[in-house]
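Here is the file start-v1.pdb (PDB, C-alpha atoms, pLDDT in the B column).
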ATOM      1  CA  MET A 217      -2.604  14.791 -26.560  1.00 39.00           C
ATOM      2  CA  THR A 218      -6.214  13.715 -26.060  1.00 46.00           C
ATOM      3  CA  GLU A 219      -4.920  11.066 -23.648  1.00 49.00           C
ATOM      4  CA  PHE A 220      -3.786  13.587 -21.014  1.00 49.00           C
ATOM      5  CA  PRO A 221      -7.126  14.441 -19.332  1.00 53.00           C
ATOM      6  CA  PHE A 222      -7.900  10.788 -18.630  1.00 53.00           C
ATOM      7  CA  LEU A 223      -4.473  10.120 -17.152  1.00 55.00           C
ATOM      8  CA  HIS A 224      -4.692  13.266 -15.017  1.00 54.00           C
ATOM      9  CA  LEU A 225      -8.196  12.303 -13.878  1.00 55.00           C
ATOM     10  CA  THR A 226      -6.975   8.901 -12.708  1.00 56.00           C
ATOM     11  CA  LEU A 227      -3.894  10.299 -10.989  1.00 56.00           C
ATOM     12  CA  ALA A 228      -6.030  12.965  -9.282  1.00 56.00           C
ATOM     13  CA  GLY A 229      -8.425  10.251  -8.104  1.00 59.00           C
ATOM     14  CA  VAL A 230      -5.611   8.158  -6.623  1.00 58.00           C
ATOM     15  CA  LEU A 231      -4.129  11.246  -4.960  1.00 56.00           C
ATOM     16  CA  GLY A 232      -7.535  12.206  -3.577  1.00 59.00           C
ATOM     17  CA  PHE A 233      -8.069   8.718  -2.211  1.00 59.00           C
ATOM     18  CA  THR A 234      -4.650   8.859  -0.542  1.00 57.00           C
ATOM     19  CA  CYS A 235      -5.615  12.200   1.029  1.00 57.00           C
ATOM     20  CA  ALA A 236      -8.818  10.614   2.337  1.00 57.00           C
ATOM     21  CA  ILE A 237      -6.760   7.887   4.037  1.00 56.00           C
ATOM     22  CA  VAL A 238      -4.489  10.494   5.628  1.00 53.00           C
ATOM     23  CA  GLY A 239      -7.544  12.454   6.806  1.00 53.00           C
ATOM     24  CA  TYR A 240      -9.090   9.289   8.187  1.00 53.00           C
ATOM     25  CA  LEU A 241      -5.923   8.363  10.066  1.00 51.00           C
ATOM     26  CA  SER A 242      -5.436  11.818  11.534  1.00 48.00           C
ATOM     27  CA  ALA A 243      -9.063  11.935  12.693  1.00 49.00           C
ATOM     28  CA  ARG A 244      -8.781   8.480  14.268  1.00 49.00           C
ATOM     29  CA  LEU A 245      -5.537   9.372  16.001  1.00 44.00           C
ATOM     30  CA  ARG A 246      -7.007  12.587  17.428  1.00 42.00           C
ATOM     31  CA  ASN A 247     -10.395  10.997  18.239  1.00 45.00           C
ATOM     32  CA  SER A 248     -11.816  13.982  16.429  1.00 40.00           C
ATOM     33  CA  LEU A 249     -15.459  14.983  16.216  1.00 39.00           C
ATOM     34  CA  ILE A 250     -15.001  15.670  12.495  1.00 40.00           C
ATOM     35  CA  PHE A 251     -14.605  11.973  11.719  1.00 43.00           C
ATOM     36  CA  PRO A 252     -18.033  11.694  10.000  1.00 46.00           C
ATOM     37  CA  PHE A 253     -16.976  14.559   7.696  1.00 44.00           C
ATOM     38  CA  ASN A 254     -13.856  12.619   6.758  1.00 51.00           C
ATOM     39  CA  VAL A 255     -15.953   9.551   5.985  1.00 52.00           C
ATOM     40  CA  ALA A 256     -18.213  11.644   3.737  1.00 54.00           C
ATOM     41  CA  ALA A 257     -15.163  13.169   2.054  1.00 57.00           C
ATOM     42  CA  ALA A 258     -13.626   9.724   1.607  1.00 57.00           C
ATOM     43  CA  SER A 259     -16.863   8.417   0.055  1.00 57.00           C
ATOM     44  CA  THR A 260     -16.920  11.324  -2.393  1.00 60.00           C
ATOM     45  CA  LEU A 261     -13.285  10.788  -3.319  1.00 62.00           C
ATOM     46  CA  ILE A 262     -13.839   7.043  -3.745  1.00 64.00           C
ATOM     47  CA  THR A 263     -16.755   7.785  -6.075  1.00 65.00           C
ATOM     48  CA  CYS A 264     -14.619  10.198  -8.120  1.00 67.00           C
ATOM     49  CA  THR A 265     -11.805   7.660  -8.263  1.00 72.00           C
ATOM     50  CA  ALA A 266     -14.252   4.949  -9.362  1.00 74.00           C
ATOM     51  CA  LEU A 267     -15.400   7.263 -12.147  1.00 75.00           C
ATOM     52  CA  ALA A 268     -11.788   7.742 -13.205  1.00 77.00           C
ATOM     53  CA  ARG A 269     -11.207   3.971 -13.145  1.00 80.00           C
ATOM     54  CA  PHE A 270     -14.329   3.524 -15.263  1.00 82.00           C
ATOM     55  CA  LEU A 271     -13.302   6.154 -17.832  1.00 81.00           C
ATOM     56  CA  LEU A 272      -9.587   5.390 -18.115  1.00 82.00           C
ATOM     57  CA  PRO A 273      -9.962   2.185 -20.188  1.00 86.00           C
ATOM     58  CA  LEU A 274     -12.061   4.151 -22.686  1.00 84.00           C
ATOM     59  CA  ALA A 275      -9.281   6.699 -23.259  1.00 82.00           C
ATOM     60  CA  PRO A 276      -6.925   6.476 -26.236  1.00 85.00           C
ATOM     61  CA  GLN A 277      -3.884   4.545 -25.037  1.00 85.00           C
ATOM     62  CA  PRO A 278      -1.660   1.611 -25.938  1.00 88.00           C
ATOM     63  CA  ARG A 279      -3.724  -1.586 -25.908  1.00 91.00           C
ATOM     64  CA  LEU A 280      -2.857  -5.055 -24.674  1.00 91.00           C
ATOM     65  CA  GLY A 281      -2.146  -7.558 -27.415  1.00 92.00           C
ATOM     66  CA  LEU A 282      -4.943  -9.902 -26.364  1.00 92.00           C
ATOM     67  CA  PRO A 283      -7.321 -11.397 -28.909  1.00 94.00           C
ATOM     68  CA  ASP A 284     -10.841 -10.024 -28.493  1.00 92.00           C
ATOM     69  CA  THR A 285     -12.178 -13.427 -27.476  1.00 94.00           C
ATOM     70  CA  VAL A 286      -9.665 -13.750 -24.638  1.00 94.00           C
ATOM     71  CA  ALA A 287     -10.377 -10.199 -23.468  1.00 94.00           C
ATOM     72  CA  TRP A 288     -14.104 -10.986 -23.287  1.00 95.00           C
ATOM     73  CA  ILE A 289     -13.692 -14.443 -21.721  1.00 95.00           C
ATOM     74  CA  VAL A 290     -11.409 -13.092 -18.977  1.00 95.00           C
ATOM     75  CA  GLY A 291     -12.627  -9.500 -18.610  1.00 95.00           C
ATOM     76  CA  LEU A 292     -16.402  -9.866 -18.604  1.00 94.00           C
ATOM     77  CA  PRO A 293     -16.637 -12.409 -15.756  1.00 96.00           C
ATOM     78  CA  LEU A 294     -14.237 -10.356 -13.618  1.00 95.00           C
ATOM     79  CA  PHE A 295     -16.189  -7.161 -14.303  1.00 94.00           C
ATOM     80  CA  LEU A 296     -19.609  -8.723 -13.645  1.00 95.00           C
ATOM     81  CA  THR A 297     -18.413 -10.581 -10.533  1.00 94.00           C
ATOM     82  CA  GLY A 298     -17.005  -7.340  -9.095  1.00 93.00           C
ATOM     83  CA  VAL A 299     -20.135  -5.308  -9.836  1.00 91.00           C
ATOM     84  CA  LEU A 300     -22.481  -7.998  -8.509  1.00 93.00           C
ATOM     85  CA  MET A 301     -20.355  -8.494  -5.396  1.00 91.00           C
ATOM     86  CA  LEU A 302     -20.367  -4.749  -4.712  1.00 87.00           C
ATOM     87  CA  ALA A 303     -24.104  -4.468  -5.233  1.00 88.00           C
ATOM     88  CA  LEU A 304     -24.934  -7.520  -3.111  1.00 90.00           C
ATOM     89  CA  ALA A 305     -22.627  -6.472  -0.261  1.00 88.00           C
ATOM     90  CA  ILE A 306     -23.970  -2.911  -0.178  1.00 85.00           C
ATOM     91  CA  TRP A 307     -27.545  -4.210  -0.332  1.00 86.00           C
ATOM     92  CA  GLN A 308     -26.899  -6.616   2.581  1.00 86.00           C
ATOM     93  CA  ILE A 309     -25.079  -4.162   4.801  1.00 82.00           C
ATOM     94  CA  GLY A 310     -27.184  -1.149   3.811  1.00 75.00           C
ATOM     95  CA  LEU A 311     -25.879   1.952   2.062  1.00 63.00           C
ATOM     96  CA  PRO A 312     -25.672   4.121   5.197  1.00 57.00           C
ATOM     97  CA  ALA A 313     -23.694   1.408   7.013  1.00 57.00           C
ATOM     98  CA  ALA A 314     -21.352   1.020   4.041  1.00 55.00           C
ATOM     99  CA  SER A 315     -20.352   4.687   4.213  1.00 53.00           C
ATOM    100  CA  THR A 316     -20.254   5.387   7.960  1.00 57.00           C
ATOM    101  CA  PRO A 317     -18.100   4.154  10.822  1.00 58.00           C
ATOM    102  CA  PRO A 318     -19.490   1.275  12.909  1.00 63.00           C
ATOM    103  CA  LYS A 319     -21.697   2.290  15.820  1.00 61.00           C
ATOM    104  CA  ARG A 320     -22.513   0.509  19.017  1.00 59.00           C
ATOM    105  CA  GLY A 321     -26.053  -0.754  18.922  1.00 65.00           C
ATOM    106  CA  ARG A 322     -25.945  -1.468  15.206  1.00 74.00           C
ATOM    107  CA  GLU A 323     -25.703  -5.195  14.560  1.00 82.00           C
ATOM    108  CA  LEU A 324     -22.577  -6.621  12.949  1.00 83.00           C
ATOM    109  CA  VAL A 325     -23.521  -8.069   9.554  1.00 86.00           C
ATOM    110  CA  THR A 326     -22.172 -11.627   9.315  1.00 86.00           C
ATOM    111  CA  GLY A 327     -24.716 -13.328   7.049  1.00 88.00           C
ATOM    112  CA  GLY A 328     -25.127 -13.543   3.295  1.00 88.00           C
ATOM    113  CA  ILE A 329     -21.973 -12.742   1.380  1.00 90.00           C
ATOM    114  CA  TYR A 330     -20.383 -11.554   4.648  1.00 90.00           C
ATOM    115  CA  ARG A 331     -20.512 -15.183   5.790  1.00 90.00           C
ATOM    116  CA  ARG A 332     -18.029 -16.020   3.006  1.00 88.00           C
ATOM    117  CA  LEU A 333     -15.587 -13.082   3.251  1.00 89.00           C
ATOM    118  CA  ARG A 334     -15.148 -10.074   5.509  1.00 89.00           C
ATOM    119  CA  HIS A 335     -14.659  -7.406   2.842  1.00 89.00           C
ATOM    120  CA  PRO A 336     -16.798  -8.174  -0.217  1.00 90.00           C
ATOM    121  CA  ILE A 337     -17.146  -4.485  -1.094  1.00 87.00           C
ATOM    122  CA  TYR A 338     -13.381  -4.103  -1.402  1.00 87.00           C
ATOM    123  CA  LEU A 339     -12.956  -7.355  -3.315  1.00 90.00           C
ATOM    124  CA  GLY A 340     -15.700  -6.303  -5.738  1.00 91.00           C
ATOM    125  CA  ASP A 341     -14.027  -2.907  -6.066  1.00 89.00           C
ATOM    126  CA  ILE A 342     -10.777  -4.656  -6.959  1.00 89.00           C
ATOM    127  CA  LEU A 343     -12.315  -7.065  -9.481  1.00 93.00           C
ATOM    128  CA  TRP A 344     -14.543  -4.812 -11.593  1.00 92.00           C
ATOM    129  CA  PRO A 345     -11.822  -2.377 -12.755  1.00 91.00           C
ATOM    130  CA  ILE A 346      -9.494  -5.245 -13.632  1.00 93.00           C
ATOM    131  CA  GLY A 347     -12.215  -6.877 -15.728  1.00 95.00           C
ATOM    132  CA  TRP A 348     -13.187  -3.533 -17.279  1.00 92.00           C
ATOM    133  CA  ALA A 349      -9.566  -2.784 -18.213  1.00 93.00           C
ATOM    134  CA  ILE A 350      -9.118  -6.253 -19.728  1.00 94.00           C
ATOM    135  CA  LEU A 351     -12.342  -5.889 -21.737  1.00 93.00           C
ATOM    136  CA  PHE A 352     -10.938  -2.712 -23.309  1.00 93.00           C
ATOM    137  CA  LYS A 353      -7.353  -4.067 -23.330  1.00 93.00           C
ATOM    138  CA  ALA A 354      -6.294  -0.874 -21.519  1.00 92.00           C
ATOM    139  CA  ARG A 355      -2.667  -0.862 -20.402  1.00 90.00           C
ATOM    140  CA  TRP A 356      -2.862   2.326 -18.327  1.00 87.00           C
ATOM    141  CA  ALA A 357      -5.907   1.138 -16.434  1.00 87.00           C
ATOM    142  CA  LEU A 358      -4.157  -2.108 -15.554  1.00 90.00           C
ATOM    143  CA  ALA A 359      -1.004  -0.179 -14.622  1.00 87.00           C
ATOM    144  CA  VAL A 360      -2.791   1.886 -11.930  1.00 85.00           C
ATOM    145  CA  THR A 361      -4.706  -1.109 -10.543  1.00 86.00           C
ATOM    146  CA  PRO A 362      -1.955  -2.233  -8.102  1.00 87.00           C
ATOM    147  CA  VAL A 363      -1.980   1.230  -6.512  1.00 84.00           C
ATOM    148  CA  TRP A 364      -5.738   1.019  -6.053  1.00 82.00           C
ATOM    149  CA  VAL A 365      -5.495  -2.514  -4.608  1.00 85.00           C
ATOM    150  CA  VAL A 366      -2.910  -1.407  -2.028  1.00 85.00           C
ATOM    151  CA  LEU A 367      -5.054   1.573  -1.014  1.00 81.00           C
ATOM    152  CA  LEU A 368      -8.156  -0.601  -0.641  1.00 82.00           C
ATOM    153  CA  LEU A 369      -6.259  -3.133   1.454  1.00 83.00           C
ATOM    154  CA  ILE A 370      -5.035  -0.328   3.719  1.00 83.00           C
ATOM    155  CA  ILE A 371      -8.634   0.869   4.136  1.00 80.00           C
ATOM    156  CA  ALA A 372      -9.769  -2.711   4.880  1.00 83.00           C
ATOM    157  CA  ILE A 373      -7.097  -3.101   7.570  1.00 84.00           C
ATOM    158  CA  LEU A 374      -8.115   0.213   9.146  1.00 82.00           C
ATOM    159  CA  GLU A 375     -11.759  -0.834   9.013  1.00 83.00           C
ATOM    160  CA  GLU A 376     -10.860  -4.092  10.765  1.00 86.00           C
ATOM    161  CA  LYS A 377      -9.466  -2.080  13.678  1.00 85.00           C
ATOM    162  CA  MET A 378     -12.640   0.025  13.900  1.00 83.00           C
ATOM    163  CA  LEU A 379     -14.845  -3.077  13.805  1.00 85.00           C
ATOM    164  CA  ALA A 380     -12.729  -4.781  16.481  1.00 87.00           C
ATOM    165  CA  GLU A 381     -13.230  -1.718  18.707  1.00 85.00           C
ATOM    166  CA  ALA A 382     -16.971  -1.508  18.049  1.00 84.00           C
ATOM    167  CA  TYR A 383     -17.639  -5.275  18.392  1.00 87.00           C
ATOM    168  CA  PRO A 384     -14.757  -6.668  20.509  1.00 87.00           C
ATOM    169  CA  GLU A 385     -15.851 -10.272  21.131  1.00 90.00           C
ATOM    170  CA  GLU A 386     -18.205 -10.716  18.193  1.00 90.00           C
ATOM    171  CA  TYR A 387     -15.696  -9.457  15.615  1.00 89.00           C
ATOM    172  CA  LYS A 388     -12.872 -11.536  17.103  1.00 91.00           C
ATOM    173  CA  GLU A 389     -14.985 -14.683  16.618  1.00 93.00           C
ATOM    174  CA  TYR A 390     -16.080 -13.533  13.152  1.00 91.00           C
ATOM    175  CA  LYS A 391     -12.434 -13.073  12.078  1.00 90.00           C
ATOM    176  CA  LYS A 392     -11.657 -16.654  13.107  1.00 90.00           C
ATOM    177  CA  ARG A 393     -14.449 -18.054  10.896  1.00 90.00           C
ATOM    178  CA  VAL A 394     -14.348 -15.814   7.817  1.00 89.00           C
ATOM    179  CA  PRO A 395     -11.383 -14.990   5.533  1.00 85.00           C
ATOM    180  CA  PHE A 396     -10.215 -11.432   4.910  1.00 83.00           C
ATOM    181  CA  VAL A 397     -10.817 -11.000   1.148  1.00 66.00           C
ATOM    182  CA  THR A 398     -10.576 -14.490  -0.274  1.00 66.00           C
ATOM    183  CA  LEU A 399     -13.912 -16.123  -0.923  1.00 53.00           C
ATOM    184  CA  ARG A 400     -14.726 -19.168   1.182  1.00 52.00           C
ATOM    185  CA  VAL A 401     -16.750 -21.406  -1.094  1.00 49.00           C
ATOM    186  CA  LEU A 402     -17.890 -24.049   1.403  1.00 41.00           C
TER     187      LEU A 402
END
How does this structure look as structure tokens?
Amino acid sequence: MTEFPFLHLTLAGVLGFTCAIVGYLSARLRNSLIFPFNVAAASTLITCTALARFLLPLAPQPRLGLPDTVAWIVGLPLFLTGVLMLALAIWQIGLPAASTPPKRGRELVTGGIYRRLRHPIYLGDILWPIGWAILFKARWALAVTPVWVVLLLIIAILEEKMLAEAYPEEYKEYKKRVPFVTLRVL
């Protein structure tokens, strides 16, 4: 029964993240003054969920039947790409901007990695747990990944609406040039 706490931690993280989305939506619909609180709460819940996604592959659980070499060849590049993409995107946009709603007067970041895709933070946050789970051949971690991907895509779509409101013409042009979460190489 040593597996239970890790599974509960992951499920609690996913539930908390879902609650953050509901809080975000209700605040946006009401045009509430407590919106910055919801963003802070969402950031905290995302951090807790990331911790759960980091720990889950380490928990005792059924393992994938991959040879170690395959797990390393596939998992390590995915993990490192996700972590580097997250770090680069947060560095380029700035940590405060990455955790607060867009504000008029603040410039829309369209250079660097944001020139290649609109949501590098979310793509990085999708890739690293997949790579991490493959490295440890963790079935449960891979099983909860689709839920996390759907939640991140919902957040990205909601963020698109906020950015379109904050930067009407500039963001419309940016969306025409830059893909949503697929990397434009050229």
(request) Work out how far atom CA of A:Leu292 is from atom CA of A:Lys353, in Å to one decimal. (result)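 So the answer is 11.7 Å.
Residue nearest A:Ala303 within the list A:Phe270, A:Phe396, A:Trp344, A:Trp356: A:Trp344 [criterion: smallest interatomic distance, only C-alpha atoms].
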(message) Which residues are close to stretch 372-379 of chain A, i.e. within 8 Å by all atoms listed in the file, leaving aside same-chain residues fewer than 2 positions away? Reply as a ChimeraX atom specification.
(response) /A:317-318,335,338,368-370,381-384,387
(request) May I have the residues within 9 Å of A:Arg331 as a PyMOL selection string, using all atoms listed in the file and disregarding those fewer than 5 positions away in the same chain? (result) chain A and resi 325-326+390+393-394+400
(request) Would you please work out which residue, of A:Pro276, A:Gly291, A:Pro283, A:Gly298, is nearest to A:Gly340 when using only C-alpha atoms? (result)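 Looking only at the distances to A:Gly340, the closest residue turns out to be A:Gly298.
For the choices A:Leu333, A:Ile371, A:Ile346, A:Val299, the atom-to-atom distance to A:Arg269 is smallest for A:Ile346 when using all atoms listed in the file.
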(message) At a cut-off of 12 Å, using all atoms listed in the file, what residues contact A:Phe295? Leave out same-chain residues fewer than 6 positions from it and give the result as a list in words.
(response) Phe270, Ala287, Trp288, Ile289, Met301, Leu302, Leu339, Gly340, Asp341, Ile342, Leu343, Trp344, Pro345, Ile346, Gly347, Trp348, Ala349, Ile350, Leu351 and Phe352 of chain A
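Going from atom CA of A:Arg322 to atom CA of A:Leu304 covers 19.3 Å.
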(request) Report the distance between atom CA of A:Ala266 and atom CA of A:Gln308 in Å, rounded to one decimal place. (result)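 Taking atom CA of A:Ala266 as the start and atom CA of A:Gln308 as the end point, the length is 20.9 Å.
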Would you place a box with edges along x, y and z of the file around all atoms of stretch 368-375 of chain A listed there, add 8 Å to each of its six sides, and report the centre and edge lengths in Å to one decimal, as lines of an AutoDock Vina configuration file?
center_x = -8.4
center_y = -1.1
center_z = 4.3
size_x = 22.7
size_y = 20.0
size_z = 25.8
For stretch 372-391 of chain A, which lacks atoms in the input, supply N, CA, C and O atoms and format the output as a PDB file, in the coordinates of the input.
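The result, stored in result_36.pdb:
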ATOM      1  N   ALA A 372      -9.178  -1.520   4.267  1.00 83.00           N
ATOM      2  CA  ALA A 372      -9.769  -2.711   4.880  1.00 83.00           C
ATOM      3  C   ALA A 372      -9.114  -3.009   6.231  1.00 83.00           C
ATOM      4  O   ALA A 372      -9.797  -3.353   7.199  1.00 83.00           O
ATOM      5  N   ILE A 373      -7.811  -2.861   6.306  1.00 84.00           N
ATOM      6  CA  ILE A 373      -7.097  -3.101   7.570  1.00 84.00           C
ATOM      7  C   ILE A 373      -7.527  -2.075   8.623  1.00 84.00           C
ATOM      8  O   ILE A 373      -7.768  -2.429   9.780  1.00 84.00           O
ATOM      9  N   LEU A 374      -7.652  -0.819   8.219  1.00 82.00           N
ATOM     10  CA  LEU A 374      -8.115   0.213   9.146  1.00 82.00           C
ATOM     11  C   LEU A 374      -9.549  -0.059   9.594  1.00 82.00           C
ATOM     12  O   LEU A 374      -9.894   0.115  10.767  1.00 82.00           O
ATOM     13  N   GLU A 375     -10.381  -0.508   8.676  1.00 83.00           N
ATOM     14  CA  GLU A 375     -11.759  -0.834   9.013  1.00 83.00           C
ATOM     15  C   GLU A 375     -11.817  -2.004   9.992  1.00 83.00           C
ATOM     16  O   GLU A 375     -12.650  -2.018  10.900  1.00 83.00           O
ATOM     17  N   GLU A 376     -10.928  -2.966   9.829  1.00 86.00           N
ATOM     18  CA  GLU A 376     -10.860  -4.092  10.765  1.00 86.00           C
ATOM     19  C   GLU A 376     -10.625  -3.598  12.190  1.00 86.00           C
ATOM     20  O   GLU A 376     -11.237  -4.101  13.127  1.00 86.00           O
ATOM     21  N   LYS A 377      -9.745  -2.626  12.337  1.00 85.00           N
ATOM     22  CA  LYS A 377      -9.466  -2.080  13.678  1.00 85.00           C
ATOM     23  C   LYS A 377     -10.702  -1.403  14.257  1.00 85.00           C
ATOM     24  O   LYS A 377     -11.015  -1.566  15.437  1.00 85.00           O
ATOM     25  N   MET A 378     -11.417  -0.633  13.434  1.00 83.00           N
ATOM     26  CA  MET A 378     -12.640   0.025  13.900  1.00 83.00           C
ATOM     27  C   MET A 378     -13.689  -1.010  14.305  1.00 83.00           C
ATOM     28  O   MET A 378     -14.362  -0.851  15.321  1.00 83.00           O
ATOM     29  N   LEU A 379     -13.854  -2.043  13.504  1.00 85.00           N
ATOM     30  CA  LEU A 379     -14.845  -3.077  13.805  1.00 85.00           C
ATOM     31  C   LEU A 379     -14.466  -3.848  15.067  1.00 85.00           C
ATOM     32  O   LEU A 379     -15.337  -4.202  15.867  1.00 85.00           O
ATOM     33  N   ALA A 380     -13.180  -4.105  15.270  1.00 87.00           N
ATOM     34  CA  ALA A 380     -12.729  -4.781  16.481  1.00 87.00           C
ATOM     35  C   ALA A 380     -13.011  -3.932  17.718  1.00 87.00           C
ATOM     36  O   ALA A 380     -13.320  -4.473  18.785  1.00 87.00           O
ATOM     37  N   GLU A 381     -12.910  -2.611  17.588  1.00 85.00           N
ATOM     38  CA  GLU A 381     -13.230  -1.718  18.707  1.00 85.00           C
ATOM     39  C   GLU A 381     -14.729  -1.666  18.969  1.00 85.00           C
ATOM     40  O   GLU A 381     -15.168  -1.661  20.113  1.00 85.00           O
ATOM     41  N   ALA A 382     -15.519  -1.635  17.906  1.00 84.00           N
ATOM     42  CA  ALA A 382     -16.971  -1.508  18.049  1.00 84.00           C
ATOM     43  C   ALA A 382     -17.628  -2.813  18.498  1.00 84.00           C
ATOM     44  O   ALA A 382     -18.637  -2.799  19.196  1.00 84.00           O
ATOM     45  N   TYR A 383     -17.071  -3.956  18.078  1.00 87.00           N
ATOM     46  CA  TYR A 383     -17.639  -5.275  18.392  1.00 87.00           C
ATOM     47  C   TYR A 383     -16.524  -6.196  18.893  1.00 87.00           C
ATOM     48  O   TYR A 383     -16.146  -7.143  18.196  1.00 87.00           O
ATOM     49  N   PRO A 384     -15.975  -5.960  20.083  1.00 87.00           N
ATOM     50  CA  PRO A 384     -14.757  -6.668  20.509  1.00 87.00           C
ATOM     51  C   PRO A 384     -14.845  -8.197  20.434  1.00 87.00           C
ATOM     52  O   PRO A 384     -14.033  -8.813  19.752  1.00 87.00           O
ATOM     53  N   GLU A 385     -15.780  -8.805  21.108  1.00 90.00           N
ATOM     54  CA  GLU A 385     -15.851 -10.272  21.131  1.00 90.00           C
ATOM     55  C   GLU A 385     -16.446 -10.831  19.851  1.00 90.00           C
ATOM     56  O   GLU A 385     -15.950 -11.814  19.302  1.00 90.00           O
ATOM     57  N   GLU A 386     -17.511 -10.216  19.378  1.00 90.00           N
ATOM     58  CA  GLU A 386     -18.205 -10.716  18.193  1.00 90.00           C
ATOM     59  C   GLU A 386     -17.304 -10.675  16.953  1.00 90.00           C
ATOM     60  O   GLU A 386     -17.251 -11.620  16.176  1.00 90.00           O
ATOM     61  N   TYR A 387     -16.554  -9.569  16.791  1.00 89.00           N
ATOM     62  CA  TYR A 387     -15.696  -9.457  15.615  1.00 89.00           C
ATOM     63  C   TYR A 387     -14.490 -10.387  15.709  1.00 89.00           C
ATOM     64  O   TYR A 387     -14.036 -10.927  14.698  1.00 89.00           O
ATOM     65  N   LYS A 388     -13.990 -10.604  16.920  1.00 91.00           N
ATOM     66  CA  LYS A 388     -12.872 -11.536  17.103  1.00 91.00           C
ATOM     67  C   LYS A 388     -13.281 -12.942  16.649  1.00 91.00           C
ATOM     68  O   LYS A 388     -12.532 -13.618  15.936  1.00 91.00           O
ATOM     69  N   GLU A 389     -14.476 -13.373  17.029  1.00 93.00           N
ATOM     70  CA  GLU A 389     -14.985 -14.683  16.618  1.00 93.00           C
ATOM     71  C   GLU A 389     -15.251 -14.723  15.109  1.00 93.00           C
ATOM     72  O   GLU A 389     -14.949 -15.705  14.432  1.00 93.00           O
ATOM     73  N   TYR A 390     -15.794 -13.637  14.581  1.00 91.00           N
ATOM     74  CA  TYR A 390     -16.080 -13.533  13.152  1.00 91.00           C
ATOM     75  C   TYR A 390     -14.792 -13.662  12.332  1.00 91.00           C
ATOM     76  O   TYR A 390     -14.750 -14.356  11.318  1.00 91.00           O
ATOM     77  N   LYS A 391     -13.719 -13.012  12.780  1.00 90.00           N
ATOM     78  CA  LYS A 391     -12.434 -13.073  12.078  1.00 90.00           C
ATOM     79  C   LYS A 391     -11.872 -14.491  12.042  1.00 90.00           C
ATOM     80  O   LYS A 391     -11.208 -14.876  11.080  1.00 90.00           O
TER      81      LYS A 391
END
